[in-house]
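This report concerns only the one structure given below.
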Amino acid sequence: MGDTKTVDARGLACPQPVVLTKQALETSDKVKVLVDNETALENVKRLGTKLGCDIKVEEKRDSTFEIKLKRKEKASSSQEASALSCGATAAPAGPFVIVFSGNKMGKGNDELGAVLVRSFIHTIMESKQKPDMMIFYNTGVYLALQGSDTLEDLKTIEKSGVEILVCGTCLNYFNVKEKLGVGVVSNMYDIAGAMIQAGRLVVP
């Protein structure tokens with residue numbers, strides 16, 4: 001496992017850069033990944049951090065990023081499955097995850113739904129028992145944007161230690177990535193894995 005393995009993920013859609021990088025790190029302690037956008041860059045860096053890698057990034061002239069990952073120690077199979085595996089069976093004591101698939105709560109009246117979701121998030125902010133993670137996808141990403149009525153509450157929740165993942169594909173689809181006000185731009189690989197591993201999964 002001494003040779004450096006190269007992963008060319010340029011032009012690949014989320015979550016392929018992360019998937020290919022993880023596969024490469026399973027067979028090599030040193031991996032070089034080429035990506036051509038900042039979303040893929042951040043996703044690969046986050047994967048490297050989870051796996052305990054030293055990370056070096058170099059931006060090339062053609063707007064390509066070269067990410068060098070070197071594993072310090074091979075993560076144990078149980079740790080790796082807990083952090084990353086999409087296929088792992090969720091343990092009863094898994095994390096508490098709240099998922100927002102829309103910027104309204106419930107079906108019916110949209111105006112009422114907007115009021116309810118604001119109230120729900122504010123209640124979470126004030127609650128002593130907070131989730132381990134909050135996930136936002138589809139129109140749910142609007143709740144995490146600058147100018148959102150829920151932004152300040154979400155910032156407070158994040159500061160309390162709650163991990164906030166916001167779907168990068170959704171941000172790009174709605175062309176609002178630059179307006180993200182809280183959380184980290186994530187990918188379906190991380191989102192699916194977090195939902196599968198959740199001990200409690202709440203979808204308001």
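Within each chain, counting starts at residue 1; across the structure tokens, chains are named A, B, ... in the order shown, with ligands numbered 1 upward in that order.
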So which residues touch Gln23 (chain A) within 12 Å, counting only C-alpha atoms, skipping near sequence neighbours fewer than 6 positions away, as a JSON list (two decimals) with C-alpha atoms, in the first residue's frame?
[["chain", "number", "residue", "atom", "x", "y", "z"],
["A", 5, "LYS", "CA", -3.20, 5.98, -6.12],
["A", 6, "THR", "CA", -4.68, 8.69, -8.36],
["A", 7, "VAL", "CA", -8.42, 9.33, -8.61],
["A", 16, "GLN", "CA", -18.97, 10.05, -7.09],
["A", 17, "PRO", "CA", -15.79, 11.93, -6.04],
["A", 29, "ASP", "CA", -2.61, 4.78, 2.32],
["A", 30, "LYS", "CA", -1.75, 7.59, -0.12],
["A", 31, "VAL", "CA", -4.29, 8.91, -2.60],
["A", 33, "VAL", "CA", -7.63, 13.15, -6.05],
["A", 47, "LEU", "CA", -14.01, 12.45, 4.03],
["A", 84, "LEU", "CA", -19.24, 6.40, 6.43],
["A", 85, "SER", "CA", -20.95, 3.20, 5.41]]
- Residues flagged strand (DSSP E) by DSSP in region 46-192 of chain A, as a PyMOL selection string: chain A and resi 53-59+65-71+96-100+133-136+163-167+184-186
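When only C-alpha atoms are used to compute distances to Met125 (chain A), the closest of the residues A:Leu69, A:Met188, A:Val44, A:Val162 turns out to be A:Val162.
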- Task: Mind the document's chain letters and residue numbers, and return as a ChimeraX atom specification the residues of region 88-175 of chain A that DSSP labels alpha helix (DSSP H).
- Result: /A:110-126,151-159,168-173
Can you pull out every residue within 9 Å of region 172-175 of chain A, counting only C-alpha atoms, but drop anything in the same chain fewer than 5 positions away, and send it as an mmCIF file with N, CA and C atoms, in the first residue's frame?
data_model
loop_
_atom_site.group_PDB
_atom_site.id
_atom_site.type_symbol
_atom_site.label_atom_id
_atom_site.label_comp_id
_atom_site.auth_asym_id
_atom_site.auth_seq_id
_atom_site.Cartn_x
_atom_site.Cartn_y
_atom_site.Cartn_z
ATOM 1 N N ASN A 138 -33.709 19.256 -0.826
ATOM 2 C CA ASN A 138 -34.804 19.788 -1.638
ATOM 3 C C ASN A 138 -35.066 21.229 -1.180
ATOM 4 N N THR A 139 -36.320 21.659 -1.081
ATOM 5 C CA THR A 139 -36.568 23.051 -0.689
ATOM 6 C C THR A 139 -36.252 23.311 0.784
ATOM 7 N N CYS A 167 -27.660 19.933 1.458
ATOM 8 C CA CYS A 167 -27.442 19.244 0.183
ATOM 9 C C CYS A 167 -26.861 20.176 -0.879
#
Contact residues around Asp62 (chain A) with only C-alpha atoms at 12 Å, ignoring same-chain residues under 2 positions, as an mmCIF file with N, CA and C atoms, in the first residue's frame:
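result28.cif, freshly written:
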data_model
loop_
_atom_site.group_PDB
_atom_site.id
_atom_site.type_symbol
_atom_site.label_atom_id
_atom_site.label_comp_id
_atom_site.auth_asym_id
_atom_site.auth_seq_id
_atom_site.Cartn_x
_atom_site.Cartn_y
_atom_site.Cartn_z
ATOM 1 N N ARG A 10 -12.669 14.612 -11.953
ATOM 2 C CA ARG A 10 -13.082 15.821 -12.669
ATOM 3 C C ARG A 10 -14.308 15.529 -13.526
ATOM 4 N N LEU A 34 -8.166 14.387 -8.066
ATOM 5 C CA LEU A 34 -8.323 15.567 -8.913
ATOM 6 C C LEU A 34 -9.802 15.896 -9.032
ATOM 7 N N VAL A 35 -10.178 17.115 -8.656
ATOM 8 C CA VAL A 35 -11.562 17.571 -8.790
ATOM 9 C C VAL A 35 -11.561 18.941 -9.450
ATOM 10 N N ASP A 36 -12.715 19.340 -9.981
ATOM 11 C CA ASP A 36 -12.770 20.604 -10.718
ATOM 12 C C ASP A 36 -13.836 21.558 -10.190
ATOM 13 N N ASN A 37 -14.234 21.366 -8.927
ATOM 14 C CA ASN A 37 -15.164 22.323 -8.324
ATOM 15 C C ASN A 37 -14.992 22.294 -6.808
ATOM 16 N N GLU A 58 -3.707 21.583 -3.548
ATOM 17 C CA GLU A 58 -3.019 22.491 -4.460
ATOM 18 C C GLU A 58 -3.972 22.844 -5.600
ATOM 19 N N GLU A 59 -4.124 24.151 -5.855
ATOM 20 C CA GLU A 59 -4.988 24.584 -6.945
ATOM 21 C C GLU A 59 -4.143 24.783 -8.196
ATOM 22 N N LYS A 60 -4.518 24.111 -9.275
ATOM 23 C CA LYS A 60 -3.776 24.185 -10.525
ATOM 24 C C LYS A 60 -4.276 25.358 -11.375
ATOM 25 N N THR A 64 -8.329 23.227 -11.583
ATOM 26 C CA THR A 64 -8.412 21.896 -10.998
ATOM 27 C C THR A 64 -7.753 21.906 -9.627
ATOM 28 N N PHE A 65 -8.364 21.200 -8.692
ATOM 29 C CA PHE A 65 -7.784 21.059 -7.362
ATOM 30 C C PHE A 65 -7.155 19.671 -7.241
ATOM 31 N N GLU A 66 -5.938 19.622 -6.727
ATOM 32 C CA GLU A 66 -5.255 18.358 -6.461
ATOM 33 C C GLU A 66 -5.222 18.152 -4.945
#
Leaving out region 95-104 of chain A and any residue of its chain fewer than 2 positions from it, which residues lie within 9 Å of it when counting only C-alpha atoms, given as a compact mmCIF listing (two decimals) with N, CA and C atoms, in the first residue's frame?
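See selection_39.txt below for the written result:
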# COMPACT_ATOMS: atom_id res chain seq x y z
N ALA A 91 -27.39 1.09 14.50
CA ALA A 91 -27.42 0.57 15.86
C ALA A 91 -28.51 1.31 16.64
N PRO A 92 -29.12 0.65 17.60
CA PRO A 92 -30.17 1.31 18.39
C PRO A 92 -29.68 2.59 19.05
N ALA A 93 -28.39 2.63 19.39
CA ALA A 93 -27.85 3.79 20.08
C ALA A 93 -27.24 4.80 19.09
N GLY A 106 -45.50 19.96 7.35
CA GLY A 106 -46.80 19.36 7.10
C GLY A 106 -47.35 19.70 5.72
N LYS A 107 -48.48 19.11 5.39
CA LYS A 107 -49.13 19.34 4.10
C LYS A 107 -50.42 20.12 4.31
N ASP A 110 -49.66 26.43 2.96
CA ASP A 110 -48.23 26.76 2.92
C ASP A 110 -47.85 27.84 3.94
N GLU A 111 -48.73 28.82 4.10
CA GLU A 111 -48.44 29.89 5.06
C GLU A 111 -48.35 29.34 6.47
N LEU A 112 -49.29 28.47 6.81
CA LEU A 112 -49.27 27.83 8.11
C LEU A 112 -48.03 26.93 8.24
N GLY A 113 -47.71 26.22 7.17
CA GLY A 113 -46.54 25.33 7.19
C GLY A 113 -45.25 26.07 7.46
N ALA A 114 -45.14 27.32 6.92
CA ALA A 114 -43.95 28.15 7.16
C ALA A 114 -43.88 28.57 8.62
N VAL A 115 -45.03 28.90 9.20
CA VAL A 115 -45.07 29.28 10.61
C VAL A 115 -44.68 28.10 11.49
N LEU A 116 -45.19 26.92 11.15
CA LEU A 116 -44.93 25.73 11.95
C LEU A 116 -43.45 25.34 11.92
N VAL A 117 -42.82 25.42 10.75
CA VAL A 117 -41.42 25.01 10.67
C VAL A 117 -40.53 25.98 11.43
N ARG A 118 -40.87 27.28 11.40
CA ARG A 118 -40.11 28.26 12.18
C ARG A 118 -40.25 27.96 13.67
N LYS A 130 -31.00 18.25 22.21
CA LYS A 130 -30.84 18.61 20.81
C LYS A 130 -30.43 17.40 19.97
N PRO A 131 -30.69 17.44 18.68
CA PRO A 131 -30.25 16.34 17.82
C PRO A 131 -28.74 16.36 17.64
N ASP A 132 -28.20 15.25 17.16
CA ASP A 132 -26.78 15.21 16.82
C ASP A 132 -26.54 15.85 15.46
N MET A 133 -27.55 15.77 14.61
CA MET A 133 -27.39 16.26 13.24
C MET A 133 -28.72 16.74 12.69
N MET A 134 -28.67 17.78 11.84
CA MET A 134 -29.84 18.23 11.10
C MET A 134 -29.46 18.25 9.62
N ILE A 135 -30.33 17.72 8.79
CA ILE A 135 -30.07 17.58 7.36
C ILE A 135 -31.13 18.36 6.58
N PHE A 136 -30.69 19.11 5.57
CA PHE A 136 -31.59 19.90 4.76
C PHE A 136 -31.40 19.56 3.28
N TYR A 137 -32.49 19.15 2.63
CA TYR A 137 -32.41 18.89 1.19
C TYR A 137 -33.70 19.32 0.52
N ASN A 138 -33.71 19.26 -0.83
CA ASN A 138 -34.80 19.79 -1.64
C ASN A 138 -35.07 21.23 -1.18
N THR A 139 -36.32 21.66 -1.08
CA THR A 139 -36.57 23.05 -0.69
C THR A 139 -36.25 23.31 0.78
N GLY A 140 -35.92 22.28 1.52
CA GLY A 140 -35.48 22.47 2.90
C GLY A 140 -34.22 23.31 2.99
N VAL A 141 -33.42 23.36 1.93
CA VAL A 141 -32.18 24.16 1.96
C VAL A 141 -32.48 25.65 2.15
N TYR A 142 -33.67 26.08 1.76
CA TYR A 142 -34.02 27.51 1.91
C TYR A 142 -34.03 27.93 3.38
N LEU A 143 -34.23 26.99 4.28
CA LEU A 143 -34.23 27.31 5.70
C LEU A 143 -32.85 27.71 6.20
N ALA A 194 -25.85 9.07 6.94
CA ALA A 194 -26.31 9.58 8.24
C ALA A 194 -27.74 9.12 8.52
N MET A 195 -28.59 9.12 7.51
CA MET A 195 -29.98 8.70 7.71
C MET A 195 -30.08 7.21 8.00
N GLN A 197 -27.78 5.32 9.39
CA GLN A 197 -27.17 4.99 10.68
C GLN A 197 -27.91 5.59 11.87
N ALA A 198 -28.89 6.44 11.61
CA ALA A 198 -29.56 7.14 12.71
C ALA A 198 -30.27 6.18 13.66
N GLY A 199 -30.09 6.42 14.95
CA GLY A 199 -30.86 5.67 15.94
C GLY A 199 -32.29 6.18 16.02
N ARG A 200 -32.41 7.51 15.86
CA ARG A 200 -33.72 8.16 15.78
C ARG A 200 -33.70 9.11 14.59
N LEU A 201 -34.67 9.00 13.72
CA LEU A 201 -34.77 9.84 12.53
C LEU A 201 -36.13 10.53 12.54
N VAL A 202 -36.12 11.86 12.62
CA VAL A 202 -37.35 12.64 12.68
C VAL A 202 -37.47 13.46 11.42
N VAL A 203 -38.63 13.40 10.76
CA VAL A 203 -38.91 14.20 9.57
C VAL A 203 -40.16 15.02 9.86
N PRO A 204 -40.00 16.28 10.29
CA PRO A 204 -41.18 17.08 10.69
C PRO A 204 -42.03 17.47 9.49
- Query: Contacts of Lys177 (chain A) at 12 Å or less, counting only C-alpha atoms, minus same-chain residues fewer than 3 places along, as a list in words?
  - Reply: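 Residues meeting the cut-off are Glu38, Thr39, Val141, Tyr142, Ala144, Leu145, Gln146, Val166, Cys167, Gly168, Thr169, Cys170, Leu171, Asn172, Tyr173, Phe174, Leu180, Gly181, Val182, Gly183, Val184, Val185 and Ser186 of chain A.
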- Query: Between A:Lys32, A:Arg71, A:Ser63, A:Asn109, which is the closest to Leu51 (chain A) once you count only C-alpha atoms?
  - Reply: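 Using only C-alpha atoms, Leu51 (chain A) sits closest to A:Arg71.
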- Distance CA of Ala192 (chain A)-CA of Ile124 (chain A), one decimal place?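 Rounded to one decimal, the two atoms are 22.5 Å apart.
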